[in-house]
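Student: Here you go, one structure.
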Amino acid sequence: MRLPIRQADMRSIEVHLPAGGPDRSYPVVVGEGVLSEVAAMVRRVGADRVAVVTQPGIGVEVSFDRPNIQLEIGVGEEHKSLRTIEYLCSEFARAGLTRRDVVVAVGGGMVTDVAGFAAASYHRGIAVIHVPTTLLGMIDAAIGGKTGVNLAEGKNLVGAFWQPSGVVCDLATLASLPEREVRCGNGEMAKYHFLTGDDLAGMALADRVARCIEIKAEVVASDERESGRRAILNYGHTLAHALEIASGHDIAHGEAVAIGLVFAARLAERLGRIDADRVAHHLDVVAGVYGLSVEIPSVGSADELLALMARDKKALDGLTFVLDGPHGVEPVAGVDPEVVRSLLAELV
Ligand SMILES: NC(=O)c1ccc[n+]([C@@H]2O[C@H](COP(=O)([O-])OP(=O)(O)OC[C@H]3O[C@@H](n4cnc5c(N)ncnc54)[C@H](O)[C@@H]3O)[C@@H](O)[C@H]2O)c1
């Protein structure tokens, strides 16, 4: 027998979006065994039919009280493509989906990015509900409305800002997540420790996930289209992207972010923005609390990594880092390449 879910076990966080036009704010529900909230959200959206988009192997089943179709997309970044968008939109059309219907994405960040973009494009936009099943999906990818696919020329080059109508994070789905995927989620989770002064490390998992979502929701609400402040969510990402590319993607994104966070702290110290205690705090959280590796692997020389960082697509003005400092974590453009090179040379 399934026990009823007590309200106290479920947290709901509202993502408030700027006014002007219809209200696009939406709830993110977090808890253990909260999947039944998906059907309730579909009812609230007022959809007639549902198209579920998922991947083989995820095995998370959601029940609906209205007609639904189930679609699977391939596993791996090579399937995060315009071809997959065409496949999904054709299936939506074949099933006769209209603007009154809803897409429900059940999976990690790849599924929510792809299904979100298909929803943004089909009939020029139909509703989407995200059901993230990875830690990274729950605290990052499913929140904030960034959707898209890769091109041969680069990652996430085609996409749209398309906010979901709601997000349901059932922590029970994480039980089957492979260890490496947990590590990747933890890399992103570690980032949130430094964006506010909160003691995330002292929180239980459900509270910590909910708090990370709250932090992301607050940042997205203040800068939905990343024209400024939203860039702080890229803390640790400048070196991370370079390491991912230099390693031919042997180093996964979250693992690279963990290394990038500690490097960013050391760089901030070198630039006189923070002191040694704050660097030690970064090490305590990333290596201590999450047990992640913080050593820079030998995947490229200091010069090679520097060149990759200078080409980062988020860099608007010279070498750009997101760095901790007296005013907290903030984007810093025009960082002296010689300081970065000498620090890298010491650490690589
Ligand atoms: N839109 C955004 O703001 C945003 C932010 C960060 C990352 N992303 C994107 O998210 C993607 C990475 O997401 P991810 O880390 O969730 O990886 P992923 O979606 O590729 O999933 C990783 C693997 O775990 C499997 N999986 C998912 N849930 C599972 C479960 N509960 N049990 C067992 N296996 C499960 C998947 O099938 C896949 O094989 C990238 O494409 C990245 O670009 C988007």
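Each chain in the structure tokens gets a letter, A, B, ..., in the order shown, and its residues are numbered from 1; ligands are numbered from 1 in order too.
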Just want the residues within 8 Å of ligand 1, written as a ChimeraX atom specification, counting only C-alpha atoms and all ligand atoms.

Tutor: /A:55-60,75-77,80,107-113,132-137,140-149,155-156,173-178,181,184-185,253-254

Student: Which neighbours of A:Ala105 fall inside 9 Å, counting only C-alpha atoms, when residues of the same chain fewer than 4 positions from it are skipped, and could you give them as a CSV table (one decimal) with C-alpha atoms, in the first residue's frame?

Tutor:
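The resulting result-v6.csv:
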chain,number,residue,atom,x,y,z
A,51,ALA,CA,3.3,13.9,-24.5
A,52,VAL,CA,5.9,12.3,-22.1
A,53,VAL,CA,9.5,12.6,-23.3
A,54,THR,CA,12.0,10.4,-21.6
A,111,VAL,CA,15.9,15.4,-21.6
A,112,THR,CA,14.6,18.6,-20.1
A,113,ASP,CA,16.8,20.7,-22.4
A,114,VAL,CA,15.6,18.8,-25.5
A,115,ALA,CA,11.9,18.4,-24.6
A,116,GLY,CA,11.8,22.0,-23.4
A,128,VAL,CA,6.1,21.9,-20.6
A,129,ILE,CA,6.4,20.4,-17.2
A,130,HIS,CA,9.8,19.2,-16.1
A,131,VAL,CA,10.4,16.1,-14.0
A,132,PRO,CA,14.2,16.0,-13.4

Student: I'd like the neighbourhood of A:Val322 as number ranges by chain, where a residue qualifies if any of its atoms comes within 8 Å (using only C-alpha atoms), though same-chain residues fewer than 5 positions away should be ignored.

Tutor: A: 231-232, 234-236, 238, 264, 329-332

Student: I need the helix (DSSP H, G or I) residues of stretch 175-328 of chain A per DSSP on the backbone, written as a PyMOL selection string.

Tutor: chain A and resi 175-176+179-195+200-202+205-222+229-234+237-246+253-270+276-289+302-310

Student: Using only C-alpha atoms, tabulate the residues of stretch 147-215 of chain A lying at most 12 Å from any atom of stretch 265-282 of chain A, each with its closest atom pair and that distance in Å to one decimal, by chain and increasing residue number, as a tab-separated table.

Tutor:
residue	atom	partner	partner_atom	distance
A:Gly187	CA	A:His282	CA	11.9
A:Ala190	CA	A:His282	CA	8.7
A:Lys191	CA	A:His282	CA	9.3
A:Tyr192	CA	A:His282	CA	11.2
A:His193	CA	A:His282	CA	8.7
A:Phe194	CA	A:His282	CA	7.9
A:Leu195	CA	A:His282	CA	11.6
A:Gly197	CA	A:His281	CA	11.7
A:Asp199	CA	A:His281	CA	11.6
A:Ala201	CA	A:His281	CA	11.5

Student: Selected residues, C-alpha atoms, written as an mmCIF file, in the first residue's frame, please.

Tutor:
data_model
loop_
_atom_site.group_PDB
_atom_site.id
_atom_site.type_symbol
_atom_site.label_atom_id
_atom_site.label_comp_id
_atom_site.auth_asym_id
_atom_site.auth_seq_id
_atom_site.Cartn_x
_atom_site.Cartn_y
_atom_site.Cartn_z
ATOM 1 C CA GLY A 187 29.959 19.554 -8.387
ATOM 2 C CA ALA A 190 29.063 22.761 -4.260
ATOM 3 C CA LYS A 191 28.838 25.960 -6.332
ATOM 4 C CA TYR A 192 25.714 27.082 -4.471
ATOM 5 C CA HIS A 193 27.626 27.048 -1.164
ATOM 6 C CA PHE A 194 29.549 30.118 -2.263
ATOM 7 C CA LEU A 195 26.727 32.129 -3.845
ATOM 8 C CA GLY A 197 26.297 32.775 3.095
ATOM 9 C CA ASP A 199 25.321 26.761 5.748
ATOM 10 C CA ALA A 201 26.562 21.642 4.445
#

Student: For A:Ala118, list every protein, DNA or RNA residue within 7 Å, evaluated using only C-alpha atoms, and leave out those in the same chain fewer than 4 positions away; present the list as JSON, numbers by chain.

Tutor: {"A": [85, 88, 89, 114, 122]}

Student: Write the residues of the selection above to a file with C-alpha atoms, as an mmCIF file, in the first residue's frame.

Tutor:
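again_16.cif was written with the following content:
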data_model
loop_
_atom_site.group_PDB
_atom_site.id
_atom_site.type_symbol
_atom_site.label_atom_id
_atom_site.label_comp_id
_atom_site.auth_asym_id
_atom_site.auth_seq_id
_atom_site.Cartn_x
_atom_site.Cartn_y
_atom_site.Cartn_z
ATOM 1 C CA ILE A 85 13.667 17.981 -32.148
ATOM 2 C CA LEU A 88 9.660 14.818 -31.334
ATOM 3 C CA CYS A 89 7.703 17.514 -33.181
ATOM 4 C CA VAL A 114 15.578 18.798 -25.536
ATOM 5 C CA TYR A 122 6.013 23.135 -31.595
#

Student: Please list as a PyMOL selection string every residue within 6 Å of A:Gly166, counting only C-alpha atoms and excluding residues in the same chain fewer than 6 positions away.

Tutor: chain A and resi 26-28+129

Student: Based on the selection just made, write N, CA and C atoms of those residues as an mmCIF file, in the first residue's frame.

Tutor:
data_model
loop_
_atom_site.group_PDB
_atom_site.id
_atom_site.type_symbol
_atom_site.label_atom_id
_atom_site.label_comp_id
_atom_site.auth_asym_id
_atom_site.auth_seq_id
_atom_site.Cartn_x
_atom_site.Cartn_y
_atom_site.Cartn_z
ATOM 1 N N TYR A 26 6.071 30.015 -11.679
ATOM 2 C CA TYR A 26 5.684 28.596 -11.583
ATOM 3 C C TYR A 26 6.274 27.955 -10.333
ATOM 4 N N PRO A 27 5.625 26.861 -9.885
ATOM 5 C CA PRO A 27 6.115 26.190 -8.678
ATOM 6 C C PRO A 27 7.124 25.096 -9.001
ATOM 7 N N VAL A 28 8.080 24.908 -8.094
ATOM 8 C CA VAL A 28 8.988 23.757 -8.145
ATOM 9 C C VAL A 28 8.728 22.966 -6.870
ATOM 10 N N ILE A 129 6.179 20.633 -18.600
ATOM 11 C CA ILE A 129 6.411 20.398 -17.166
ATOM 12 C C ILE A 129 7.662 19.540 -17.063
#

Student: Please measure the separation of atom CA of A:Val102 and atom CA of A:Val29, giving the value in Å to one decimal.

Tutor: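 Interatomic distance here is 17.9 Å.
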
Student: When you count only C-alpha atoms, which of these residues is closest to A:Val45: A:Ala19, A:Ala127, A:Val104, A:Leu306?

Tutor: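 Among the listed residues, the smallest separation from A:Val45 belongs to A:Ala127.
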
Student: Just want the 12 Å neighbourhood of A:Glu338, counted on only C-alpha atoms, with same-chain residues fewer than 2 positions away dropped. Output as a list in words.

Tutor: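 My reading of the contact set: Leu267, Arg270, Leu271, Ala302, Asp303, Leu306, Leu319, Gly334, Val335, Asp336, Val340, Arg341, Ser342, Leu343, Leu344 and Ala345 of chain A.
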
Student: Report, in Å to a single decimal, how far apart atom CA of A:Asp198 and atom CA of A:Cys212 are.

Tutor: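 Between atom CA of A:Cys212 and atom CA of A:Asp198 the gap works out to 10.2 Å.
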